[in-house]
>>> print(open('target13.cif').read())   # mmCIF, C-alpha atoms
data_start
#
loop_
_atom_site.group_PDB
_atom_site.id
_atom_site.type_symbol
_atom_site.label_atom_id
_atom_site.label_comp_id
_atom_site.auth_asym_id
_atom_site.auth_seq_id
_atom_site.Cartn_x
_atom_site.Cartn_y
_atom_site.Cartn_z
ATOM 1 C CA MET A 173 -17.779 -11.559 12.131
ATOM 2 C CA ALA A 174 -15.366 -14.385 11.330
ATOM 3 C CA ASP A 175 -13.071 -15.138 14.275
ATOM 4 C CA THR A 176 -9.716 -15.715 12.610
ATOM 5 C CA THR A 177 -6.235 -14.456 13.453
ATOM 6 C CA LEU A 178 -3.534 -14.331 10.786
ATOM 7 C CA GLN A 179 0.125 -14.345 11.810
ATOM 8 C CA GLY A 180 2.826 -12.697 9.731
ATOM 9 C CA GLU A 181 6.470 -11.966 10.444
ATOM 10 C CA PHE A 182 5.987 -8.260 11.190
ATOM 11 C CA VAL A 183 2.252 -7.978 11.801
ATOM 12 C CA THR A 184 -0.687 -9.947 13.130
ATOM 13 C CA LEU A 185 -4.194 -9.535 11.804
ATOM 14 C CA ARG A 186 -6.599 -10.118 14.670
ATOM 15 C CA PRO A 187 -10.380 -9.782 14.569
ATOM 16 C CA LEU A 188 -11.762 -6.269 14.885
ATOM 17 C CA ALA A 189 -13.614 -5.945 18.218
ATOM 18 C CA VAL A 190 -16.138 -3.500 19.634
ATOM 19 C CA ASP A 191 -13.383 -2.311 21.981
ATOM 20 C CA ASP A 192 -11.558 -0.999 18.889
ATOM 21 C CA ALA A 193 -14.329 1.487 18.181
ATOM 22 C CA ALA A 194 -12.592 4.573 19.607
ATOM 23 C CA LEU A 195 -9.280 3.810 17.921
ATOM 24 C CA THR A 196 -10.716 2.960 14.522
ATOM 25 C CA PHE A 197 -13.022 5.964 14.749
ATOM 26 C CA GLU A 198 -9.939 8.146 15.283
ATOM 27 C CA TRP A 199 -8.171 6.539 12.314
ATOM 28 C CA ARG A 200 -11.237 7.117 10.168
ATOM 29 C CA GLN A 201 -10.880 10.877 10.747
ATOM 30 C CA SER A 202 -7.461 10.948 9.024
ATOM 31 C CA VAL A 203 -6.810 12.496 5.634
ATOM 32 C CA ARG A 204 -6.136 9.114 3.986
ATOM 33 C CA ALA A 205 -9.438 7.713 5.275
ATOM 34 C CA VAL A 206 -11.389 10.155 3.161
ATOM 35 C CA TYR A 207 -11.243 7.552 0.377
ATOM 36 C CA LEU A 208 -12.934 4.852 2.447
ATOM 37 C CA ASN A 209 -16.710 4.625 2.563
ATOM 38 C CA ALA A 210 -18.306 7.143 4.891
ATOM 39 C CA ALA A 211 -17.291 6.585 8.506
ATOM 40 C CA ALA A 212 -19.695 6.318 11.426
ATOM 41 C CA PRO A 213 -20.305 9.801 12.858
ATOM 42 C CA SER A 214 -19.482 8.868 16.477
ATOM 43 C CA VAL A 215 -17.583 6.291 18.523
ATOM 44 C CA GLU A 216 -20.913 4.829 19.678
ATOM 45 C CA LEU A 217 -22.088 4.309 16.137
ATOM 46 C CA GLN A 218 -18.693 2.937 15.167
ATOM 47 C CA ALA A 219 -19.069 0.375 17.989
ATOM 48 C CA ARG A 220 -22.530 -0.512 16.729
ATOM 49 C CA TRP A 221 -21.204 -0.882 13.209
ATOM 50 C CA ILE A 222 -18.452 -3.230 14.411
ATOM 51 C CA ALA A 223 -20.913 -5.283 16.450
ATOM 52 C CA SER A 224 -23.166 -5.674 13.443
ATOM 53 C CA ARG A 225 -20.519 -7.134 11.118
ATOM 54 C CA PRO A 226 -21.837 -10.448 9.754
ATOM 55 C CA ASN A 227 -19.991 -13.768 10.100
ATOM 56 C CA SER A 228 -19.435 -13.737 6.373
ATOM 57 C CA GLU A 229 -16.944 -10.862 6.718
ATOM 58 C CA TYR A 230 -13.357 -10.896 7.911
ATOM 59 C CA ASN A 231 -12.532 -7.565 9.570
ATOM 60 C CA PHE A 232 -9.081 -7.218 11.064
ATOM 61 C CA VAL A 233 -6.991 -4.865 13.123
ATOM 62 C CA ILE A 234 -3.384 -4.821 11.932
ATOM 63 C CA GLU A 235 -1.122 -5.160 14.963
ATOM 64 C CA LEU A 236 2.631 -4.982 15.227
ATOM 65 C CA LYS A 237 4.284 -7.913 16.949
ATOM 66 C CA ASP A 238 4.526 -5.884 20.164
ATOM 67 C CA GLY A 239 0.737 -5.631 20.178
ATOM 68 C CA ARG A 240 0.416 -2.047 18.989
ATOM 69 C CA PRO A 241 -2.595 -1.630 16.687
ATOM 70 C CA VAL A 242 -1.591 0.296 13.564
ATOM 71 C CA GLY A 243 -4.350 -0.150 11.018
ATOM 72 C CA MET A 244 -7.210 -2.172 9.666
ATOM 73 C CA VAL A 245 -8.112 -4.292 6.664
ATOM 74 C CA SER A 246 -11.000 -6.538 5.648
ATOM 75 C CA LEU A 247 -12.060 -9.278 3.295
ATOM 76 C CA THR A 248 -15.733 -8.984 2.425
ATOM 77 C CA GLY A 249 -18.138 -10.003 -0.319
ATOM 78 C CA ILE A 250 -16.914 -13.591 -0.098
ATOM 79 C CA ASP A 251 -18.736 -15.659 -2.672
ATOM 80 C CA THR A 252 -17.850 -19.335 -2.485
ATOM 81 C CA THR A 253 -19.907 -20.180 -5.570
ATOM 82 C CA HIS A 254 -18.175 -17.740 -7.863
ATOM 83 C CA ARG A 255 -15.071 -17.943 -5.658
ATOM 84 C CA HIS A 256 -14.272 -14.278 -5.362
ATOM 85 C CA ALA A 257 -14.052 -11.675 -2.604
ATOM 86 C CA GLU A 258 -13.210 -8.039 -2.006
ATOM 87 C CA PRO A 259 -10.262 -6.885 0.100
ATOM 88 C CA GLY A 260 -10.914 -3.403 1.465
ATOM 89 C CA ARG A 261 -11.289 -1.010 4.416
ATOM 90 C CA PHE A 262 -7.501 -0.898 4.183
ATOM 91 C CA LEU A 263 -6.002 1.847 6.279
ATOM 92 C CA ILE A 264 -2.740 2.363 8.118
ATOM 93 C CA GLY A 265 -3.863 4.544 11.017
ATOM 94 C CA ASP A 266 -0.512 4.982 12.742
ATOM 95 C CA GLU A 267 2.096 5.787 10.082
ATOM 96 C CA GLU A 268 4.741 6.681 12.651
ATOM 97 C CA ALA A 269 4.545 3.258 14.311
ATOM 98 C CA VAL A 270 5.082 1.410 11.019
ATOM 99 C CA ARG A 271 8.080 3.428 9.859
ATOM 100 C CA GLY A 272 10.527 0.865 8.454
ATOM 101 C CA VAL A 273 8.033 -1.962 8.953
ATOM 102 C CA PRO A 274 6.373 -3.505 5.881
ATOM 103 C CA ALA A 275 3.029 -3.478 7.675
ATOM 104 C CA ALA A 276 0.926 -2.550 4.657
ATOM 105 C CA VAL A 277 2.617 -5.077 2.376
ATOM 106 C CA GLU A 278 2.428 -7.923 4.846
ATOM 107 C CA ALA A 279 -1.145 -7.156 5.887
ATOM 108 C CA MET A 280 -2.243 -7.292 2.267
ATOM 109 C CA LYS A 281 -0.227 -10.474 1.699
ATOM 110 C CA LEU A 282 -1.990 -12.109 4.669
ATOM 111 C CA ILE A 283 -5.345 -11.098 3.207
ATOM 112 C CA TYR A 284 -4.412 -12.624 -0.149
ATOM 113 C CA GLU A 285 -3.236 -15.823 1.583
ATOM 114 C CA LEU A 286 -6.599 -15.983 3.345
ATOM 115 C CA ALA A 287 -8.433 -15.473 0.062
ATOM 116 C CA PHE A 288 -6.402 -17.698 -2.233
ATOM 117 C CA ASP A 289 -4.847 -20.335 0.047
ATOM 118 C CA LYS A 290 -7.297 -20.814 2.927
ATOM 119 C CA LEU A 291 -10.615 -19.983 1.238
ATOM 120 C CA GLU A 292 -9.405 -21.248 -2.157
ATOM 121 C CA LEU A 293 -10.920 -18.314 -4.004
ATOM 122 C CA LEU A 294 -9.949 -17.645 -7.591
ATOM 123 C CA ARG A 295 -10.249 -13.891 -7.735
ATOM 124 C CA VAL A 296 -10.151 -10.757 -5.606
ATOM 125 C CA HIS A 297 -11.458 -7.421 -6.765
ATOM 126 C CA GLY A 298 -12.211 -3.902 -5.634
ATOM 127 C CA SER A 299 -12.759 -0.303 -6.599
ATOM 128 C CA ILE A 300 -10.744 2.819 -5.828
ATOM 129 C CA ALA A 301 -11.733 6.477 -6.204
ATOM 130 C CA SER A 302 -9.922 7.945 -9.190
ATOM 131 C CA ASP A 303 -8.357 10.733 -7.089
ATOM 132 C CA ASN A 304 -6.770 8.167 -4.776
ATOM 133 C CA THR A 305 -3.656 7.992 -6.924
ATOM 134 C CA LEU A 306 -1.402 6.567 -4.222
ATOM 135 C CA MET A 307 -3.650 3.550 -3.748
ATOM 136 C CA ILE A 308 -4.171 3.099 -7.491
ATOM 137 C CA LYS A 309 -0.414 3.019 -8.100
ATOM 138 C CA TRP A 310 0.090 0.732 -5.109
ATOM 139 C CA GLN A 311 -2.518 -1.807 -6.225
ATOM 140 C CA LYS A 312 -1.208 -1.884 -9.795
ATOM 141 C CA PHE A 313 2.351 -2.220 -8.561
ATOM 142 C CA MET A 314 1.339 -5.062 -6.244
ATOM 143 C CA GLY A 315 -0.280 -7.027 -9.048
ATOM 144 C CA MET A 316 -3.841 -5.811 -9.505
ATOM 145 C CA THR A 317 -5.085 -5.251 -13.059
ATOM 146 C CA GLU A 318 -7.301 -2.303 -13.927
ATOM 147 C CA GLU A 319 -10.467 -3.848 -15.351
ATOM 148 C CA GLY A 320 -12.740 -0.899 -15.908
ATOM 149 C CA ARG A 321 -14.152 2.328 -14.654
ATOM 150 C CA LEU A 322 -17.546 3.458 -13.331
ATOM 151 C CA ARG A 323 -17.901 7.104 -14.245
ATOM 152 C CA ASN A 324 -18.811 9.597 -11.493
ATOM 153 C CA HIS A 325 -19.496 6.712 -9.141
ATOM 154 C CA PHE A 326 -18.285 8.236 -5.851
ATOM 155 C CA PHE A 327 -18.957 11.617 -4.278
ATOM 156 C CA MET A 328 -15.807 12.321 -2.261
ATOM 157 C CA ASN A 329 -13.850 15.438 -1.376
ATOM 158 C CA GLY A 330 -16.737 17.563 -2.591
ATOM 159 C CA LYS A 331 -16.865 16.189 -6.120
ATOM 160 C CA PHE A 332 -17.887 13.180 -8.145
ATOM 161 C CA GLN A 333 -15.109 10.774 -9.010
ATOM 162 C CA ASP A 334 -14.822 7.658 -11.116
ATOM 163 C CA ALA A 335 -14.516 4.265 -9.471
ATOM 164 C CA VAL A 336 -11.506 2.496 -10.924
ATOM 165 C CA LEU A 337 -12.151 -1.253 -10.878
ATOM 166 C CA PHE A 338 -9.329 -3.667 -10.123
ATOM 167 C CA GLY A 339 -9.028 -7.427 -10.036
ATOM 168 C CA MET A 340 -6.431 -10.113 -9.538
ATOM 169 C CA LEU A 341 -6.640 -13.849 -10.226
ATOM 170 C CA ALA A 342 -5.071 -16.483 -8.006
ATOM 171 C CA GLU A 343 -2.464 -17.387 -10.616
ATOM 172 C CA GLU A 344 -1.543 -13.707 -11.034
ATOM 173 C CA TYR A 345 -1.106 -13.427 -7.288
ATOM 174 C CA ARG A 346 1.234 -16.410 -7.172
ATOM 175 C CA ALA A 347 3.217 -15.392 -10.247
ATOM 176 C CA LYS A 348 3.560 -11.672 -9.647
ATOM 177 C CA ALA A 349 2.148 -10.195 -6.442
ATOM 178 C CA GLN A 350 3.365 -12.792 -3.951
ATOM 179 C CA PRO A 351 7.045 -12.691 -5.046
ATOM 180 C CA LYS A 352 6.981 -8.892 -5.105
ATOM 181 C CA MET A 353 5.497 -8.707 -1.607
ATOM 182 C CA GLU A 354 7.956 -11.277 -0.304
ATOM 183 C CA GLY A 355 10.773 -9.232 -1.840
ATOM 184 C CA PHE A 356 9.729 -6.159 0.112
ATOM 185 C CA ILE A 357 9.349 -8.145 3.330
ATOM 186 C CA LYS A 358 12.772 -9.701 2.848
ATOM 187 C CA ALA A 359 14.320 -6.282 2.199
ATOM 188 C CA ALA A 360 12.711 -4.908 5.366
ATOM 189 C CA ARG A 361 13.965 -7.915 7.349
ATOM 190 C CA ARG A 362 17.525 -7.056 6.332
ATOM 191 C CA ARG A 363 17.033 -3.437 7.475
ATOM 192 C CA LYS A 364 15.746 -4.401 10.937
ATOM 193 C CA MET B 232 24.258 18.928 -16.624
ATOM 194 C CA SER B 233 25.993 15.671 -15.754
ATOM 195 C CA LYS B 234 24.147 12.370 -15.989
ATOM 196 C CA LYS B 235 24.243 12.172 -12.193
ATOM 197 C CA ASP B 236 22.501 15.561 -11.971
ATOM 198 C CA GLU B 237 19.926 14.425 -14.526
ATOM 199 C CA VAL B 238 19.181 11.264 -12.533
ATOM 200 C CA GLU B 239 18.908 13.225 -9.294
ATOM 201 C CA ASP B 240 16.570 15.615 -11.039
ATOM 202 C CA VAL B 241 14.267 12.738 -12.007
ATOM 203 C CA ILE B 242 14.183 11.507 -8.407
ATOM 204 C CA TYR B 243 13.543 15.018 -7.119
ATOM 205 C CA GLN B 244 10.694 15.459 -9.590
ATOM 206 C CA ALA B 245 9.041 12.300 -8.254
ATOM 207 C CA LEU B 246 9.452 13.484 -4.666
ATOM 208 C CA LYS B 247 8.077 16.904 -5.539
ATOM 209 C CA THR B 248 5.027 15.230 -7.097
ATOM 210 C CA LEU B 249 4.557 13.377 -3.833
ATOM 211 C CA ASN B 250 4.859 16.617 -1.890
ATOM 212 C CA GLN B 251 1.911 17.958 -3.864
ATOM 213 C CA GLU B 252 -0.163 15.160 -2.265
ATOM 214 C CA ARG B 253 1.046 16.021 1.222
ATOM 215 C CA GLY B 254 -0.033 18.841 3.461
ATOM 216 C CA SER B 255 2.150 21.934 3.864
ATOM 217 C CA GLU B 256 3.233 20.703 7.320
ATOM 218 C CA GLU B 257 4.260 17.291 6.000
ATOM 219 C CA GLN B 258 6.547 18.158 3.111
ATOM 220 C CA VAL B 259 9.408 15.735 2.456
ATOM 221 C CA ASP B 260 12.861 17.340 2.433
ATOM 222 C CA VAL B 261 14.191 16.675 -1.033
ATOM 223 C CA GLY B 262 17.951 16.054 -1.197
ATOM 224 C CA PRO B 263 20.631 13.398 -1.703
ATOM 225 C CA GLY B 264 20.356 12.228 1.902
ATOM 226 C CA THR B 265 16.592 11.751 1.906
ATOM 227 C CA ALA B 266 15.868 8.274 3.331
ATOM 228 C CA LEU B 267 13.265 6.438 1.278
ATOM 229 C CA PHE B 268 13.136 2.957 2.827
ATOM 230 C CA GLY B 269 13.902 1.459 6.220
ATOM 231 C CA PRO B 270 13.659 2.689 9.813
ATOM 232 C CA ASP B 271 14.638 6.269 8.893
ATOM 233 C CA ALA B 272 12.379 6.495 5.862
ATOM 234 C CA VAL B 273 10.316 9.631 5.420
ATOM 235 C CA LEU B 274 7.901 7.860 3.067
ATOM 236 C CA THR B 275 5.030 5.507 3.843
ATOM 237 C CA SER B 276 4.776 2.215 1.939
ATOM 238 C CA LEU B 277 2.190 3.658 -0.426
ATOM 239 C CA GLU B 278 4.309 6.733 -1.020
ATOM 240 C CA LEU B 279 7.447 4.696 -1.667
ATOM 241 C CA VAL B 280 5.674 2.679 -4.349
ATOM 242 C CA SER B 281 4.258 5.854 -5.874
ATOM 243 C CA VAL B 282 7.703 7.466 -6.033
ATOM 244 C CA MET B 283 9.297 4.326 -7.530
ATOM 245 C CA VAL B 284 6.611 4.106 -10.211
ATOM 246 C CA ASP B 285 7.012 7.792 -11.042
ATOM 247 C CA ILE B 286 10.801 7.521 -11.245
ATOM 248 C CA GLU B 287 10.581 4.523 -13.578
ATOM 249 C CA THR B 288 8.173 6.423 -15.831
ATOM 250 C CA LEU B 289 10.213 9.640 -15.819
ATOM 251 C CA ALA B 290 13.482 7.774 -16.393
ATOM 252 C CA ALA B 291 12.046 5.914 -19.377
ATOM 253 C CA ASP B 292 10.898 9.240 -20.864
ATOM 254 C CA ASP B 293 14.074 11.207 -20.104
ATOM 255 C CA PHE B 294 16.698 8.559 -20.819
ATOM 256 C CA GLY B 295 14.860 6.531 -23.453
ATOM 257 C CA GLN B 296 15.585 3.348 -21.545
ATOM 258 C CA PRO B 297 13.223 1.365 -19.336
ATOM 259 C CA ILE B 298 14.552 0.680 -15.853
ATOM 260 C CA SER B 299 13.192 -1.426 -13.017
ATOM 261 C CA LEU B 300 13.945 -0.419 -9.473
ATOM 262 C CA THR B 301 12.193 -3.294 -7.732
ATOM 263 C CA ASP B 302 12.860 -6.360 -9.898
ATOM 264 C CA ASP B 303 14.619 -9.442 -8.513
ATOM 265 C CA LYS B 304 18.027 -7.969 -9.268
ATOM 266 C CA ALA B 305 17.274 -4.854 -7.222
ATOM 267 C CA MET B 306 15.524 -6.661 -4.392
ATOM 268 C CA GLU B 307 18.372 -9.131 -3.964
ATOM 269 C CA ARG B 308 20.788 -6.320 -3.131
ATOM 270 C CA ASP B 309 21.632 -5.664 0.485
ATOM 271 C CA PRO B 310 20.613 -2.997 1.130
ATOM 272 C CA VAL B 311 18.058 -2.541 -1.626
ATOM 273 C CA PRO B 312 18.953 0.336 -3.990
ATOM 274 C CA PHE B 313 16.112 2.582 -2.862
ATOM 275 C CA VAL B 314 17.146 3.151 0.758
ATOM 276 C CA SER B 315 18.068 6.763 -0.016
ATOM 277 C CA VAL B 316 18.182 9.255 -2.849
ATOM 278 C CA SER B 317 21.964 8.938 -3.153
ATOM 279 C CA ALA B 318 21.871 5.118 -3.259
ATOM 280 C CA LEU B 319 19.066 5.207 -5.803
ATOM 281 C CA THR B 320 20.964 7.699 -7.938
ATOM 282 C CA ALA B 321 23.985 5.403 -8.002
ATOM 283 C CA TYR B 322 21.812 2.404 -8.910
ATOM 284 C CA ILE B 323 20.044 4.198 -11.754
ATOM 285 C CA LEU B 324 23.385 5.383 -13.129
ATOM 286 C CA GLU B 325 24.536 1.765 -13.014
ATOM 287 C CA LEU B 326 21.410 0.636 -14.905
ATOM 288 C CA LEU B 327 22.010 3.339 -17.480
ATOM 289 C CA GLY B 328 25.564 2.078 -17.940
ATOM 290 C CA GLN B 329 27.182 5.219 -16.546
#
>>> encode(input="target13.cif", output="structure tokens")
Amino acid sequence: MADTTLQGEFVTLRPLAVDDAALTFEWRQSVRAVYLNAAAPSVELQARWIASRPNSEYNFVIELKDGRPVGMVSLTGIDTTHRHAEPGRFLIGDEEAVRGVPAAVEAMKLIYELAFDKLELLRVHGSIASDNTLMIKWQKFMGMTEEGRLRNHFFMNGKFQDAVLFGMLAEEYRAKAQPKMEGFIKAARRRK
Amino acid sequence: MSKKDEVEDVIYQALKTLNQERGSEEQVDVGPGTALFGPDAVLTSLELVSVMVDIETLAADDFGQPISLTDDKAMERDPVPFVSVSALTAYILELLGQ
């Protein structure tokens, strides 16, 4: 797994480690995590899954500046030929700890900076289960464009759901998403 | 119903929609003092965005006028207009020219 730490104003993204297995396993049992891909069935298997992450993936724990881990996020599927990648495994595991902190916004902004500024990719993309309306609204609001739909692609919550496909180009990030994210971070800074 | 009541009703509708996504133990208290953003906020980041998007959609339908609650003008305010239901009500009334 790529060994990179990303520093923001409110959060740090540090590499996911095997020692995070118990915590991330606990987060994966939450209601919101039902929309992620199936979790490992035990802490041991979660540790094995973490240990087996390839160097081509960036898997992060989102930490507050006081060191408290509050969530996770990844950048995977990095293709330097076609210059695209997939942000995902995005979960705030400790909602109480991030109250009033733009942890989700800044974590996603750091991921986009990694993708577009450091790795010089041209596009990020992903898919969201159609019942995950909060995340669909969030991604659209933050600059993603809905690009299509795979019908009955996921079996989640006891039923088949469409996969809603999203994408964002580097120029769209810089023109729309980045200013919006910075606006939220600035507003949170004033409320500190 | 006064325009203020109508605007509050739109905000309450959006919060009630959110409550449908939450468990029975996690219902948001819906009222003028409900904190939406900042250290006292009862909403997560994803929920805040969802509520803002729903309010913008409902307001456009009900008042026949598009409004933006998170454009540069809104975000430059200190505090931002969506810190609470009452502050958001006042801001929407201002956008509607009331």
>>> closest_residue(input="target13.cif", among="A:Ala194, A:Ala223, A:Ala269, A:Ala174", to="B:Thr275", atoms="all atoms listed in the file")
A:Ala269
>>> interface_residues(input="target13.cif", of="chain A", to="chain B", cutoff="12 Å", atoms="all atoms listed in the file", output="ChimeraX atom specification")
/A:203-204,262-280,303-314,348-349,351-364
>>> atom_distance(input="target13.cif", atom1="atom CA of A:Met340", atom2="atom CA of A:Asn324")
23.4 Å
>>> residues_near_point(input="target13.cif", point="(10.6, 15.0, -1.0)", cutoff="10 Å", atoms="all atoms listed in the file", output="list in words")
Ile242, Tyr243, Gln244, Ala245, Leu246, Lys247, Thr248, Leu249, Asn250, Gln251, Arg253, Glu257, Gln258, Val259, Asp260, Val261, Gly262, Thr265, Ala266, Leu267, Val273, Leu274, Val282 and Val316 of chain B
>>> resolve_selection(input="target13.cif", expression="the PyMOL selection byres ((chain A and resi 180-189) around 9)", output="ChimeraX atom specification")
/A:173-179,190-193,219,222-223,230-239,244-245,273-275,278-279,281-283,357,361
>>> resolve_selection(input="target13.cif", expression="the PyMOL selection byres ((chain A and resi 343) around 12)", output="list of chain:residue names")
A:Tyr284, A:Phe288, A:Asp289, A:Glu292, A:Leu293, A:Leu294, A:Arg295, A:Val296, A:Gly315, A:Met316, A:Gly339, A:Met340, A:Leu341, A:Ala342, A:Glu344, A:Tyr345, A:Arg346, A:Ala347, A:Lys348, A:Ala349, A:Gln350, A:Pro351
>>> atom_distance(input="target13.cif", atom1="atom CA of B:Leu324", atom2="atom CA of B:Val238")
7.3 Å
>>> atom_distance(input="target13.cif", atom1="atom CA of A:Glu216", atom2="atom CA of A:Glu258")
26.4 Å
>>> residues_around(input="target13.cif", residues="B:Ala290", least_positions_apart="4", cutoff="9 Å", atoms="only C-alpha atoms", output="PyMOL selection string")
chain B and resi 238+241-242+285-286+294-298+323
>>> resolve_selection(input="target13.cif", expression="the PyMOL selection byres ((chain A and resi 327) around 12)", output="list in words")
Val206, Tyr207, Leu208, Asn209, Ala210, Ala301, Ser302, Asp303, Arg323, Asn324, His325, Phe326, Met328, Asn329, Gly330, Lys331, Phe332, Gln333, Asp334 and Ala335 of chain A
>>> residues_around(input="target13.cif", residues="A:Leu337", least_positions_apart="6", cutoff="7 Å", atoms="all atoms listed in the file", output="ChimeraX atom specification")
/A:298-300,318-321
>>> decode(input="target13.cif", residues="stretch 295-312 of chain A", atoms="N, CA and C atoms", output="mmCIF file, in the first residue's frame")
data_model
loop_
_atom_site.group_PDB
_atom_site.id
_atom_site.type_symbol
_atom_site.label_atom_id
_atom_site.label_comp_id
_atom_site.auth_asym_id
_atom_site.auth_seq_id
_atom_site.Cartn_x
_atom_site.Cartn_y
_atom_site.Cartn_z
ATOM 1 N N ARG A 295 -9.054 12.514 -14.402
ATOM 2 C CA ARG A 295 -10.445 12.157 -14.140
ATOM 3 C C ARG A 295 -10.520 11.255 -12.917
ATOM 4 N N VAL A 296 -11.549 11.470 -12.098
ATOM 5 C CA VAL A 296 -11.878 10.507 -11.043
ATOM 6 C C VAL A 296 -13.309 10.031 -11.296
ATOM 7 N N HIS A 297 -13.586 8.835 -10.826
ATOM 8 C CA HIS A 297 -14.914 8.279 -11.098
ATOM 9 C C HIS A 297 -15.301 7.296 -10.002
ATOM 10 N N GLY A 298 -16.557 6.925 -9.981
ATOM 11 C CA GLY A 298 -17.000 5.948 -8.991
ATOM 12 C C GLY A 298 -18.446 5.567 -9.208
ATOM 13 N N SER A 299 -18.917 4.661 -8.381
ATOM 14 C CA SER A 299 -20.320 4.245 -8.473
ATOM 15 C C SER A 299 -20.922 4.215 -7.080
ATOM 16 N N ILE A 300 -22.202 4.547 -7.002
ATOM 17 C CA ILE A 300 -22.907 4.612 -5.722
ATOM 18 C C ILE A 300 -24.222 3.853 -5.865
ATOM 19 N N ALA A 301 -24.571 3.067 -4.856
ATOM 20 C CA ALA A 301 -25.859 2.360 -4.876
ATOM 21 C C ALA A 301 -27.004 3.377 -4.917
ATOM 22 N N SER A 302 -28.003 3.069 -5.721
ATOM 23 C CA SER A 302 -29.063 4.064 -5.962
ATOM 24 C C SER A 302 -29.847 4.421 -4.700
ATOM 25 N N ASP A 303 -29.873 3.536 -3.704
ATOM 26 C CA ASP A 303 -30.565 3.861 -2.450
ATOM 27 C C ASP A 303 -29.737 4.782 -1.545
ATOM 28 N N ASN A 304 -28.485 4.954 -1.870
ATOM 29 C CA ASN A 304 -27.602 5.766 -1.018
ATOM 30 C C ASN A 304 -27.775 7.244 -1.399
ATOM 31 N N THR A 305 -28.956 7.757 -1.110
ATOM 32 C CA THR A 305 -29.319 9.092 -1.596
ATOM 33 C C THR A 305 -28.463 10.196 -0.968
ATOM 34 N N LEU A 306 -28.067 10.019 0.277
ATOM 35 C CA LEU A 306 -27.228 11.044 0.900
ATOM 36 C C LEU A 306 -25.917 11.196 0.146
ATOM 37 N N MET A 307 -25.296 10.078 -0.196
ATOM 38 C CA MET A 307 -24.008 10.144 -0.888
ATOM 39 C C MET A 307 -24.180 10.628 -2.326
ATOM 40 N N ILE A 308 -25.277 10.248 -2.954
ATOM 41 C CA ILE A 308 -25.524 10.717 -4.332
ATOM 42 C C ILE A 308 -25.670 12.236 -4.342
ATOM 43 N N LYS A 309 -26.462 12.770 -3.413
ATOM 44 C CA LYS A 309 -26.641 14.224 -3.360
ATOM 45 C C LYS A 309 -25.315 14.921 -3.035
ATOM 46 N N TRP A 310 -24.589 14.331 -2.104
ATOM 47 C CA TRP A 310 -23.296 14.901 -1.692
ATOM 48 C C TRP A 310 -22.339 14.977 -2.882
ATOM 49 N N GLN A 311 -22.196 13.873 -3.615
ATOM 50 C CA GLN A 311 -21.232 13.854 -4.715
ATOM 51 C C GLN A 311 -21.633 14.820 -5.822
ATOM 52 N N LYS A 312 -22.923 14.902 -6.108
ATOM 53 C CA LYS A 312 -23.377 15.863 -7.129
ATOM 54 C C LYS A 312 -23.101 17.287 -6.656
#
